[in-house]
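Asker: This is query15.csv, which holds CSV, C-alpha atoms and all ligand atoms:
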```
chain,number,residue,atom,x,y,z
A,1,MET,CA,2.9,-18.2,-24.4
A,2,PHE,CA,0.8,-20.6,-22.4
A,3,GLU,CA,1.2,-23.6,-20.0
A,4,GLU,CA,-1.1,-26.2,-18.6
A,5,ILE,CA,-1.2,-25.9,-14.9
A,6,LEU,CA,-3.8,-28.6,-14.1
A,7,PRO,CA,-5.8,-30.8,-16.4
A,8,ASP,CA,-7.9,-28.5,-18.6
A,9,LEU,CA,-6.7,-25.4,-16.8
A,10,TYR,CA,-4.2,-23.2,-18.6
A,11,ARG,CA,-2.3,-20.0,-18.0
A,12,ILE,CA,-2.0,-17.7,-21.0
A,13,GLU,CA,0.5,-15.0,-20.6
A,14,ILE,CA,-0.6,-11.8,-22.3
A,15,PRO,CA,2.1,-9.1,-22.6
A,16,LEU,CA,1.6,-5.6,-21.2
A,17,PRO,CA,4.2,-3.6,-23.1
A,18,ARG,CA,5.9,-0.8,-21.1
A,19,SER,CA,4.0,-1.7,-17.9
A,20,PRO,CA,5.9,-2.6,-14.7
A,21,LEU,CA,3.4,-5.4,-14.4
A,22,LYS,CA,5.0,-6.9,-17.6
A,23,ALA,CA,2.1,-9.3,-18.4
A,24,LEU,CA,-1.4,-10.4,-17.5
A,25,ASN,CA,-2.3,-14.0,-16.6
A,26,SER,CA,-5.4,-15.0,-18.4
A,27,TYR,CA,-6.7,-18.4,-17.3
A,28,LEU,CA,-8.5,-20.8,-19.6
A,29,ILE,CA,-10.6,-23.7,-18.5
A,30,LYS,CA,-11.8,-26.3,-20.9
A,31,GLY,CA,-15.2,-27.7,-20.2
A,32,ASP,CA,-17.2,-30.4,-22.1
A,33,LYS,CA,-19.3,-27.9,-24.1
A,34,ARG,CA,-17.9,-24.5,-23.3
A,35,PHE,CA,-14.7,-22.7,-22.5
A,36,LEU,CA,-14.2,-20.2,-19.7
A,37,LEU,CA,-11.6,-17.4,-20.0
A,38,ILE,CA,-10.8,-15.6,-16.8
A,39,ASP,CA,-9.5,-12.0,-17.5
A,40,THR,CA,-8.3,-11.0,-20.9
A,41,GLY,CA,-5.8,-8.1,-21.5
A,42,LEU,CA,-5.7,-4.6,-22.7
A,43,ASN,CA,-7.6,-3.5,-25.8
A,44,ARG,CA,-4.3,-3.2,-27.9
A,45,ALA,CA,-2.8,-5.2,-30.8
A,46,GLU,CA,0.0,-6.8,-28.7
A,47,CYS,CA,-2.5,-8.4,-26.3
A,48,LYS,CA,-5.0,-9.4,-29.0
A,49,SER,CA,-2.5,-11.1,-31.3
A,50,VAL,CA,-1.0,-13.3,-28.4
A,51,MET,CA,-4.5,-14.1,-27.1
A,52,LEU,CA,-5.8,-15.1,-30.5
A,53,SER,CA,-2.8,-17.2,-31.6
A,54,ASP,CA,-2.7,-19.1,-28.2
A,55,LEU,CA,-6.5,-19.7,-28.3
A,56,GLU,CA,-6.1,-21.1,-31.8
A,57,ILE,CA,-3.3,-23.5,-30.7
A,58,LEU,CA,-5.4,-24.6,-27.7
A,59,ASN,CA,-8.4,-25.3,-30.1
A,60,VAL,CA,-10.6,-22.8,-28.3
A,61,ASP,CA,-13.8,-21.7,-30.2
A,62,LEU,CA,-14.7,-18.2,-29.2
A,63,LYS,CA,-18.3,-18.9,-30.1
A,64,LYS,CA,-18.3,-21.4,-27.2
A,65,THR,CA,-16.4,-19.2,-24.7
A,66,ASP,CA,-17.7,-17.4,-21.6
A,67,PHE,CA,-15.7,-14.9,-19.6
A,68,PHE,CA,-15.2,-14.1,-16.0
A,69,ILE,CA,-13.6,-10.7,-15.2
A,70,THR,CA,-12.1,-10.3,-11.8
A,71,HIS,CA,-12.3,-6.5,-11.9
A,72,MET,CA,-12.7,-3.5,-14.1
A,73,HIS,CA,-9.1,-2.6,-14.7
A,74,ALA,CA,-8.4,-2.3,-18.4
A,75,ASP,CA,-5.7,-5.0,-18.4
A,76,HIS,CA,-8.2,-7.5,-17.2
A,77,LEU,CA,-11.4,-6.4,-18.9
A,78,ALA,CA,-10.8,-4.4,-22.1
A,79,LEU,CA,-9.8,-7.1,-24.5
A,80,ALA,CA,-13.1,-8.9,-23.7
A,81,ALA,CA,-14.8,-6.4,-26.0
A,82,VAL,CA,-12.8,-7.8,-28.9
A,83,LEU,CA,-13.2,-11.5,-28.0
A,84,THR,CA,-16.9,-11.7,-27.1
A,85,ASN,CA,-19.9,-12.2,-29.4
A,86,ASP,CA,-23.6,-12.4,-28.9
A,87,LYS,CA,-23.3,-16.0,-27.6
A,88,SER,CA,-20.8,-15.2,-24.8
A,89,ARG,CA,-21.6,-14.6,-21.2
A,90,VAL,CA,-19.4,-12.1,-19.5
A,91,TYR,CA,-19.5,-12.7,-15.7
A,92,PHE,CA,-18.8,-9.6,-13.7
A,93,ASN,CA,-19.7,-7.8,-10.5
A,94,ARG,CA,-22.6,-5.3,-10.3
A,95,LYS,CA,-20.8,-2.3,-8.9
A,96,GLU,CA,-18.2,-2.2,-11.7
A,97,ALA,CA,-20.6,-3.2,-14.4
A,98,ALA,CA,-22.4,0.1,-13.6
A,99,MET,CA,-19.1,2.0,-13.5
A,100,VAL,CA,-17.8,0.8,-16.9
A,101,SER,CA,-21.2,1.2,-18.6
A,102,SER,CA,-21.2,4.9,-17.8
A,103,GLU,CA,-18.7,7.4,-19.1
A,104,MET,CA,-15.4,6.9,-17.2
A,105,PRO,CA,-14.9,9.9,-14.9
A,106,TRP,CA,-11.5,10.8,-16.2
A,107,GLN,CA,-12.2,14.6,-15.9
A,108,GLU,CA,-13.4,14.1,-12.3
A,109,ALA,CA,-10.2,12.1,-11.5
A,110,TYR,CA,-8.1,14.8,-13.2
A,111,ALA,CA,-9.6,17.6,-11.1
A,112,PHE,CA,-9.2,15.5,-7.9
A,113,PHE,CA,-5.5,14.9,-8.6
A,114,LEU,CA,-5.0,18.7,-9.3
A,115,THR,CA,-6.4,19.6,-5.9
A,116,ASN,CA,-4.1,17.0,-4.4
A,117,GLY,CA,-1.1,18.9,-5.6
A,118,PHE,CA,-0.3,17.3,-8.9
A,119,PRO,CA,1.4,19.9,-11.2
A,120,GLU,CA,-0.9,20.3,-14.3
A,121,HIS,CA,1.8,19.7,-17.0
A,122,GLU,CA,2.7,16.4,-15.3
A,123,LEU,CA,-0.9,15.4,-14.7
A,124,LYS,CA,-1.7,15.8,-18.4
A,125,LYS,CA,1.2,13.5,-19.3
A,126,SER,CA,0.1,11.1,-16.6
A,127,LEU,CA,-3.4,10.8,-17.9
A,128,GLU,CA,-2.3,10.5,-21.5
A,129,GLY,CA,-0.1,7.6,-20.5
A,130,HIS,CA,-2.7,5.9,-18.3
A,131,PRO,CA,-3.3,2.4,-19.7
A,132,GLY,CA,-7.0,2.6,-18.9
A,133,TYR,CA,-7.4,5.8,-20.8
A,134,LYS,CA,-5.4,4.6,-23.8
A,135,TYR,CA,-6.4,1.0,-24.1
A,136,GLY,CA,-9.7,0.8,-22.2
A,137,LEU,CA,-13.0,-0.8,-23.0
A,138,LYS,CA,-14.1,0.6,-26.4
A,139,ARG,CA,-17.6,-0.7,-26.7
A,140,HIS,CA,-20.6,-1.6,-24.5
A,141,LEU,CA,-20.7,-5.1,-23.0
A,142,ASP,CA,-23.7,-6.8,-21.6
A,143,PHE,CA,-22.7,-8.4,-18.3
A,144,TYR,CA,-24.0,-11.4,-16.5
A,145,ILE,CA,-23.9,-10.2,-12.9
A,146,LEU,CA,-22.6,-12.5,-10.1
A,147,HIS,CA,-22.6,-12.1,-6.4
A,148,GLU,CA,-20.9,-13.6,-3.3
A,149,GLY,CA,-21.3,-17.4,-3.3
A,150,ASP,CA,-22.6,-17.7,-6.9
A,151,PRO,CA,-21.3,-20.8,-8.7
A,152,ILE,CA,-19.5,-21.2,-12.1
A,153,GLU,CA,-19.3,-24.8,-13.1
A,154,ILE,CA,-17.0,-25.7,-16.0
A,155,GLY,CA,-15.7,-29.2,-16.7
A,156,ASP,CA,-14.3,-30.7,-13.6
A,157,TYR,CA,-14.2,-27.4,-11.8
A,158,CYS,CA,-16.8,-25.8,-9.6
A,159,PHE,CA,-15.9,-22.2,-8.6
A,160,ARG,CA,-17.7,-19.9,-6.2
A,161,CYS,CA,-17.5,-16.1,-6.3
A,162,ILE,CA,-15.9,-14.3,-3.3
A,163,GLU,CA,-16.4,-10.6,-3.2
A,164,THR,CA,-13.1,-8.9,-2.3
A,165,PRO,CA,-13.4,-5.1,-2.8
A,166,GLY,CA,-10.3,-3.0,-2.1
A,167,HIS,CA,-8.0,-3.1,-5.1
A,168,SER,CA,-11.1,-2.0,-7.0
A,169,PRO,CA,-14.7,-1.3,-5.8
A,170,GLY,CA,-16.2,-4.6,-6.8
A,171,HIS,CA,-13.2,-7.0,-7.2
A,172,MET,CA,-14.2,-10.7,-7.1
A,173,CYS,CA,-12.1,-13.8,-6.7
A,174,LEU,CA,-13.1,-17.4,-7.6
A,175,TYR,CA,-12.6,-20.3,-5.2
A,176,GLU,CA,-12.6,-24.0,-6.1
A,177,ALA,CA,-13.1,-25.7,-2.7
A,178,ASN,CA,-12.5,-29.3,-3.8
A,179,LYS,CA,-9.3,-28.6,-5.6
A,180,LYS,CA,-8.3,-25.8,-3.2
A,181,ILE,CA,-7.7,-23.2,-6.0
A,182,LEU,CA,-8.0,-19.5,-5.5
A,183,VAL,CA,-8.2,-17.4,-8.6
A,184,CYS,CA,-7.4,-14.0,-7.0
A,185,GLY,CA,-7.1,-11.4,-9.8
A,186,ASP,CA,-5.2,-8.5,-8.3
A,187,HIS,CA,-6.3,-9.1,-4.7
A,188,ILE,CA,-3.1,-11.0,-3.8
A,189,LEU,CA,0.0,-10.6,-6.0
A,190,TYR,CA,3.5,-12.1,-5.4
A,191,ASP,CA,6.7,-10.1,-5.8
A,192,ILE,CA,4.7,-6.9,-6.5
A,193,THR,CA,2.0,-5.4,-4.4
A,194,PRO,CA,-1.5,-4.7,-5.6
A,195,ASN,CA,-2.1,-0.9,-6.1
A,196,ILE,CA,-4.6,0.4,-3.6
A,197,THR,CA,-5.9,3.7,-4.7
A,198,HIS,CA,-8.5,6.4,-4.2
A,199,TRP,CA,-11.9,5.6,-5.8
A,200,ILE,CA,-14.7,8.0,-6.4
A,201,GLY,CA,-17.6,6.6,-4.3
A,202,MET,CA,-15.4,4.5,-2.0
A,203,LYS,CA,-14.7,6.0,1.4
A,204,ASN,CA,-11.8,3.9,2.7
A,205,PRO,CA,-10.5,1.4,0.0
A,206,LEU,CA,-7.4,0.4,2.1
A,207,LYS,CA,-9.6,-0.6,5.0
A,208,GLU,CA,-11.8,-2.7,2.7
A,209,TYR,CA,-8.8,-4.2,1.1
A,210,LEU,CA,-7.3,-5.2,4.5
A,211,THR,CA,-10.6,-6.6,5.6
A,212,ASN,CA,-10.9,-8.7,2.5
A,213,LEU,CA,-7.4,-10.0,2.8
A,214,GLU,CA,-8.4,-11.4,6.1
A,215,LYS,CA,-11.6,-12.8,4.5
A,216,VAL,CA,-9.6,-15.0,2.1
A,217,TYR,CA,-6.9,-15.8,4.7
A,218,SER,CA,-9.1,-18.4,6.2
A,219,LEU,CA,-9.7,-20.3,3.0
A,220,ASP,CA,-8.0,-23.7,2.5
A,221,VAL,CA,-5.8,-23.0,-0.6
A,222,ASP,CA,-3.1,-25.2,-2.3
A,223,LEU,CA,-2.8,-23.2,-5.5
A,224,VAL,CA,-3.1,-19.4,-6.0
A,225,LEU,CA,-3.7,-18.1,-9.5
A,226,PRO,CA,-3.0,-14.3,-9.4
A,227,GLY,CA,-3.6,-11.8,-12.2
A,228,HIS,CA,0.1,-11.1,-12.7
A,229,ARG,CA,3.3,-12.9,-12.4
A,230,ARG,CA,3.6,-16.6,-11.5
A,231,PHE,CA,1.1,-18.6,-9.4
A,232,TRP,CA,2.1,-19.6,-6.0
A,233,THR,CA,1.1,-21.7,-3.1
A,234,ASN,CA,1.3,-20.1,0.3
A,235,HIS,CA,-1.4,-17.4,0.3
A,236,LYS,CA,-1.4,-17.0,4.1
A,237,SER,CA,2.2,-15.9,4.4
A,238,ARG,CA,1.8,-13.5,1.4
A,239,ILE,CA,-1.3,-12.0,3.0
A,240,ARG,CA,0.6,-11.3,6.2
A,241,GLU,CA,3.4,-9.7,4.1
A,242,LEU,CA,0.9,-7.5,2.3
A,243,GLN,CA,-0.7,-6.4,5.6
A,244,GLU,CA,2.7,-5.5,7.0
A,245,HIS,CA,3.6,-3.7,3.8
A,246,HIS,CA,0.6,-1.4,4.2
A,247,GLN,CA,1.3,-0.9,7.9
A,248,ALA,CA,4.8,0.2,7.0
A,249,ARG,CA,3.5,2.5,4.3
A,250,LEU,CA,1.1,4.1,6.8
A,251,GLY,CA,4.1,4.7,9.1
A,252,GLU,CA,6.0,6.3,6.2
A,253,ILE,CA,3.1,8.7,5.5
A,254,LEU,CA,2.8,9.7,9.1
A,255,SER,CA,6.5,10.4,9.3
A,256,ALA,CA,6.3,12.5,6.1
A,257,LEU,CA,3.9,14.7,8.0
A,258,GLU,CA,6.2,15.2,11.0
A,259,ASP,CA,7.8,18.3,9.7
A,260,GLY,CA,4.5,19.9,8.6
A,261,GLU,CA,1.4,19.7,6.5
A,262,LYS,CA,1.6,18.6,2.8
A,263,THR,CA,-0.4,17.8,-0.2
A,264,ALA,CA,-0.7,14.1,-1.2
A,265,TYR,CA,1.6,14.8,-4.1
A,266,ASP,CA,4.3,16.1,-1.8
A,267,ILE,CA,3.9,13.2,0.6
A,268,ALA,CA,4.3,10.6,-2.2
A,269,PRO,CA,8.1,10.9,-2.5
A,270,TYR,CA,8.5,9.9,1.2
A,271,VAL,CA,7.0,6.5,0.5
A,272,SER,CA,9.3,3.7,-0.6
A,273,TRP,CA,7.8,2.5,-3.9
A,274,ASP,CA,8.6,-1.0,-5.2
A,275,ILE,CA,9.4,0.4,-8.7
A,276,ASP,CA,12.9,0.6,-10.2
A,277,TYR,CA,13.6,4.4,-10.1
A,278,SER,CA,16.1,5.8,-7.7
A,279,SER,CA,14.2,9.1,-7.1
A,280,TRP,CA,10.7,10.5,-7.3
A,281,GLU,CA,11.9,13.0,-10.0
A,282,LEU,CA,12.8,10.0,-12.3
A,283,PHE,CA,9.4,8.4,-11.9
A,284,PRO,CA,7.5,8.3,-15.2
A,285,ALA,CA,4.5,10.6,-15.1
A,286,SER,CA,2.1,7.7,-15.7
A,287,GLN,CA,3.4,5.9,-12.6
A,288,LYS,CA,3.1,9.1,-10.4
A,289,TRP,CA,-0.7,8.8,-11.0
A,290,PHE,CA,-0.7,5.4,-9.3
A,291,ALA,CA,1.7,6.5,-6.6
A,292,VAL,CA,-0.3,9.6,-5.6
A,293,GLY,CA,-3.6,7.6,-5.8
A,294,GLU,CA,-2.1,5.1,-3.4
A,295,THR,CA,-0.8,7.8,-1.1
A,296,ILE,CA,-4.4,9.2,-0.9
A,297,ALA,CA,-5.9,5.8,-0.1
A,298,HIS,CA,-3.5,5.6,2.8
A,299,LEU,CA,-4.3,9.1,3.9
A,300,GLU,CA,-8.0,8.2,3.8
A,301,TYR,CA,-7.3,5.3,6.1
A,302,LEU,CA,-5.4,7.4,8.5
A,303,GLU,CA,-8.1,10.1,8.4
A,304,GLU,CA,-10.7,7.5,9.6
A,305,GLU,CA,-8.3,6.4,12.3
A,306,MET,CA,-8.2,10.1,13.4
A,307,LYS,CA,-4.4,10.2,12.9
A,308,VAL,CA,-4.5,12.7,10.0
A,309,GLN,CA,-6.6,15.8,9.3
A,310,ARG,CA,-7.6,17.1,5.9
A,311,ARG,CA,-8.1,20.8,5.1
A,312,THR,CA,-8.7,22.9,2.0
A,313,ARG,CA,-6.4,25.7,1.4
A,314,GLY,CA,-7.1,27.8,-1.7
A,315,ASP,CA,-7.7,25.2,-4.4
A,316,LYS,CA,-5.5,22.5,-2.7
A,317,THR,CA,-6.2,19.7,-0.2
A,318,ILE,CA,-3.7,19.7,2.6
A,319,PHE,CA,-3.0,16.9,5.1
A,320,SER,CA,-1.5,17.2,8.6
A,321,SER,CA,-1.0,14.8,11.4
A,322,LYS,CA,-3.2,15.1,14.5
A,401,ZN,ZN,-6.0,-4.3,-11.2
```
Once you've parsed the file, please lay out its structure as C-alpha cells.

Answerer:
Amino acid sequence: MFEEILPDLYRIEIPLPRSPLKALNSYLIKGDKRFLLIDTGLNRAECKSVMLSDLEILNVDLKKTDFFITHMHADHLALAAVLTNDKSRVYFNRKEAAMVSSEMPWQEAYAFFLTNGFPEHELKKSLEGHPGYKYGLKRHLDFYILHEGDPIEIGDYCFRCIETPGHSPGHMCLYEANKKILVCGDHILYDITPNITHWIGMKNPLKEYLTNLEKVYSLDVDLVLPGHRRFWTNHKSRIRELQEHHQARLGEILSALEDGEKTAYDIAPYVSWDIDYSSWELFPASQKWFAVGETIAHLEYLEEEMKVQRRTRGDKTIFSSK
C-alpha cells in the first residue's frame, strides 16, 4: 500500500507481522535521474513482496535507487540488503555502520539481561522472538557515511542530516528546510512512544534522547514523516508529550523502589506500558526484552542524577533509591 504525500514523495507501508508497531513507513522520493528510498523493512518475505510490488507499480528501477537508513533497527535497515546492488548508495551513520558490520553482540546482551534478573527460560524465548535476531541484516553492506549537516539532494528536495542519538546510538533524521519536512525515523512517533533502551557502549541513552528531542524542537516543521504510523504536523506538542512521558516513567521507577531494592526485571511490572496486555505476566516474552531494556535506560538516567544506586549481589545487578 502506498500514497503520494507531496509531489514525487510517497509513503510505502511495509507490514510488520505480529509486531505492535504494525507497519514501517518507507518513504520514496523520485528524482530526475535517481530514486531515494528512506528505510526499508525487515528481511522477511512479507516485507519484501509488498516493497517489490509497490516499487513496480511506482515505476521505480532499483538499479537507479539509493537508500537512506535512519537507524540500525532491523525493521528499517535489514531489507536494504535484498534491494541494493553494486550501483546503490546506502547512506548511514558511522557509529551504527561499525556496529552492524561486526557480529551483533546477542550473547553479550543475553548475559546482560540475565544479570538484570530475567529468568533464563523466558530470556531464551525472548531472544528467539526478537525481530532483529530473526529478520536482521543477512549480508554485508557497504555504507556511504553521512554526518550532521550533510546534504542529500533528490529532485525538488534538499535534505540535511540531523544527528539524533537516543533511540539508537547513531540515529539520524533528515530535514528539508524549504519545504519544512522532518523525516524523523523513530525519533518522534505519534500514538506510540519510541523505545529507549540500554545500549552497549552508550552511557545514558535516555539523556541523549531527551537532549536530541530538544534539538529538533526548534526546527520549523510543517510535515513530520515518522518511521511508523501516520505522518503528522505538530512536532512541538508531540515532543513535549514525549518528554512528559519519560518524566512520568522515571517517577514510576522511583516509586517501584520505595519498598526496597529490586532488579530491573522486577521493576519493569511497575511501569505502565503502552501495550495491550492487562498484566506483566501476559506480556509476550519478546516484548519483555524491550520493556526491561527500557527500564534499564531509565535506571541509568536516574543513576547519573544520583537518585538511584546500583549494586552487584551474587550474579545479579540490584537497584535501590538513594
Ligand atoms: Zn527503531

Asker: Please tabulate, as JSON lines, the residues of chain A that come within 8 Å of ligand ZN 401 (chain A), each with its closest pair of atoms and the distance in Å to one decimal, counting only C-alpha atoms and all ligand atoms and ordering rows by chain, then residue number upward.

Answerer:
```
{"residue": "A:His71", "atom": "CA", "partner": "A:ZN401", "partner_atom": "ZN", "distance": 6.7}
{"residue": "A:Met72", "atom": "CA", "partner": "A:ZN401", "partner_atom": "ZN", "distance": 7.3}
{"residue": "A:His73", "atom": "CA", "partner": "A:ZN401", "partner_atom": "ZN", "distance": 5.0}
{"residue": "A:Ala74", "atom": "CA", "partner": "A:ZN401", "partner_atom": "ZN", "distance": 7.8}
{"residue": "A:Asp75", "atom": "CA", "partner": "A:ZN401", "partner_atom": "ZN", "distance": 7.2}
{"residue": "A:His76", "atom": "CA", "partner": "A:ZN401", "partner_atom": "ZN", "distance": 7.1}
{"residue": "A:His167", "atom": "CA", "partner": "A:ZN401", "partner_atom": "ZN", "distance": 6.5}
{"residue": "A:Ser168", "atom": "CA", "partner": "A:ZN401", "partner_atom": "ZN", "distance": 7.0}
{"residue": "A:Gly185", "atom": "CA", "partner": "A:ZN401", "partner_atom": "ZN", "distance": 7.3}
{"residue": "A:Asp186", "atom": "CA", "partner": "A:ZN401", "partner_atom": "ZN", "distance": 5.2}
{"residue": "A:Pro194", "atom": "CA", "partner": "A:ZN401", "partner_atom": "ZN", "distance": 7.2}
{"residue": "A:Asn195", "atom": "CA", "partner": "A:ZN401", "partner_atom": "ZN", "distance": 7.3}
{"residue": "A:Gly227", "atom": "CA", "partner": "A:ZN401", "partner_atom": "ZN", "distance": 7.9}
```

Asker: Could the residues in this selection be written to a file with C-alpha atoms, as a PDB file, in the frame of the given file?

Answerer:
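Contents of the output file result_29.pdb:
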```
ATOM      1  CA  HIS A  71     -12.300  -6.500 -11.900  1.00  0.00           C
ATOM      2  CA  MET A  72     -12.700  -3.500 -14.100  1.00  0.00           C
ATOM      3  CA  HIS A  73      -9.100  -2.600 -14.700  1.00  0.00           C
ATOM      4  CA  ALA A  74      -8.400  -2.300 -18.400  1.00  0.00           C
ATOM      5  CA  ASP A  75      -5.700  -5.000 -18.400  1.00  0.00           C
ATOM      6  CA  HIS A  76      -8.200  -7.500 -17.200  1.00  0.00           C
ATOM      7  CA  HIS A 167      -8.000  -3.100  -5.100  1.00  0.00           C
ATOM      8  CA  SER A 168     -11.100  -2.000  -7.000  1.00  0.00           C
ATOM      9  CA  GLY A 185      -7.100 -11.400  -9.800  1.00  0.00           C
ATOM     10  CA  ASP A 186      -5.200  -8.500  -8.300  1.00  0.00           C
ATOM     11  CA  PRO A 194      -1.500  -4.700  -5.600  1.00  0.00           C
ATOM     12  CA  ASN A 195      -2.100  -0.900  -6.100  1.00  0.00           C
ATOM     13  CA  GLY A 227      -3.600 -11.800 -12.200  1.00  0.00           C
TER      14      GLY A 227
END
```

Asker: Check which residues of segment 194-294 of chain A sit at most 12 Å from segment 10-20 of chain A using all atoms listed in the file, and return one row each with the closest pair of atoms and their distance in Å to one decimal, ordered by chain and rising number, as a tab-separated table.

Answerer:
```
residue	atom	partner	partner_atom	distance
A:Pro194	CA	A:Pro20	CA	11.9
A:Asn195	CA	A:Pro20	CA	11.9
A:Leu225	CA	A:Arg11	CA	8.8
A:Pro226	CA	A:Arg11	CA	10.3
A:Gly227	CA	A:Glu13	CA	9.9
A:His228	CA	A:Glu13	CA	8.8
A:Arg229	CA	A:Glu13	CA	8.9
A:Arg230	CA	A:Arg11	CA	9.4
A:Phe231	CA	A:Arg11	CA	9.4
A:Asp274	CA	A:Pro20	CA	10.0
A:Ile275	CA	A:Pro20	CA	7.6
A:Asp276	CA	A:Pro20	CA	8.9
A:Tyr277	CA	A:Pro20	CA	11.4
A:Phe283	CA	A:Pro20	CA	11.9
A:Pro284	CA	A:Ser19	CA	10.9
A:Ser286	CA	A:Ser19	CA	9.8
A:Gln287	CA	A:Pro20	CA	9.1
A:Phe290	CA	A:Pro20	CA	11.7
```

Asker: Output the selection as a PDB file, keeping the file's coordinate frame - C-alpha atoms for each residue.

Answerer:
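Okay, this is what ended up in selection39.pdb:
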```pdb
ATOM      1  CA  PRO A 194      -1.500  -4.700  -5.600  1.00  0.00           C
ATOM      2  CA  ASN A 195      -2.100  -0.900  -6.100  1.00  0.00           C
ATOM      3  CA  LEU A 225      -3.700 -18.100  -9.500  1.00  0.00           C
ATOM      4  CA  PRO A 226      -3.000 -14.300  -9.400  1.00  0.00           C
ATOM      5  CA  GLY A 227      -3.600 -11.800 -12.200  1.00  0.00           C
ATOM      6  CA  HIS A 228       0.100 -11.100 -12.700  1.00  0.00           C
ATOM      7  CA  ARG A 229       3.300 -12.900 -12.400  1.00  0.00           C
ATOM      8  CA  ARG A 230       3.600 -16.600 -11.500  1.00  0.00           C
ATOM      9  CA  PHE A 231       1.100 -18.600  -9.400  1.00  0.00           C
ATOM     10  CA  ASP A 274       8.600  -1.000  -5.200  1.00  0.00           C
ATOM     11  CA  ILE A 275       9.400   0.400  -8.700  1.00  0.00           C
ATOM     12  CA  ASP A 276      12.900   0.600 -10.200  1.00  0.00           C
ATOM     13  CA  TYR A 277      13.600   4.400 -10.100  1.00  0.00           C
ATOM     14  CA  PHE A 283       9.400   8.400 -11.900  1.00  0.00           C
ATOM     15  CA  PRO A 284       7.500   8.300 -15.200  1.00  0.00           C
ATOM     16  CA  SER A 286       2.100   7.700 -15.700  1.00  0.00           C
ATOM     17  CA  GLN A 287       3.400   5.900 -12.600  1.00  0.00           C
ATOM     18  CA  PHE A 290      -0.700   5.400  -9.300  1.00  0.00           C
TER      19      PHE A 290
END
```

Asker: Considering only C-alpha atoms, state which residue in the set A:Ile152, A:Leu114, A:Ile38, A:Ala98 is at the smallest distance from Thr263 of chain A.

Answerer: A:Leu114

Asker: What's the 9 Å shell around Leu123 of chain A, counting only C-alpha atoms, without same-chain residues fewer than 6 positions away, as an mmCIF file with C-alpha atoms, in the coordinates of the input?

Answerer:
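Written file, out11.cif:
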```cif
data_model
loop_
_atom_site.group_PDB
_atom_site.id
_atom_site.type_symbol
_atom_site.label_atom_id
_atom_site.label_comp_id
_atom_site.auth_asym_id
_atom_site.auth_seq_id
_atom_site.Cartn_x
_atom_site.Cartn_y
_atom_site.Cartn_z
ATOM 1 C CA TYR A 110 -8.100 14.800 -13.200
ATOM 2 C CA PHE A 113 -5.500 14.900 -8.600
ATOM 3 C CA LEU A 114 -5.000 18.700 -9.300
ATOM 4 C CA ALA A 285 4.500 10.600 -15.100
ATOM 5 C CA SER A 286 2.100 7.700 -15.700
ATOM 6 C CA LYS A 288 3.100 9.100 -10.400
ATOM 7 C CA TRP A 289 -0.700 8.800 -11.000
#
```

Asker: For Ser126 of chain A, which residue out of A:Ile69, A:Ala291, A:Ile318, A:Met202 is the nearest one, using all atoms listed in the file?

Answerer: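 Closest residue, counting all atoms listed in the file: A:Ala291.
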
Asker: Looking at A:His298, A:Val292, A:Leu28, A:Arg44, which one is nearest to Gly251 of chain A, with distances taken over only C-alpha atoms?

Answerer: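 Checking each of A:His298, A:Val292, A:Leu28, A:Arg44 against Gly251 of chain A, counting only C-alpha atoms, the winner is A:His298.
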
Asker: For atom CA of Thr211 of chain A and atom CA of Leu242 of chain A, quote the distance in Å rounded to one decimal.

Answerer: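 Distance between the two atoms: 12.0 Å.
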
Asker: Quick one: residues within 8 Å of Lys30 of chain A, all atoms listed in the file counted, chain neighbours fewer than 2 positions away excluded, as a VMD selection string?

Answerer: chain A and resid 8 to 9 28 32 34 to 36 154 to 155
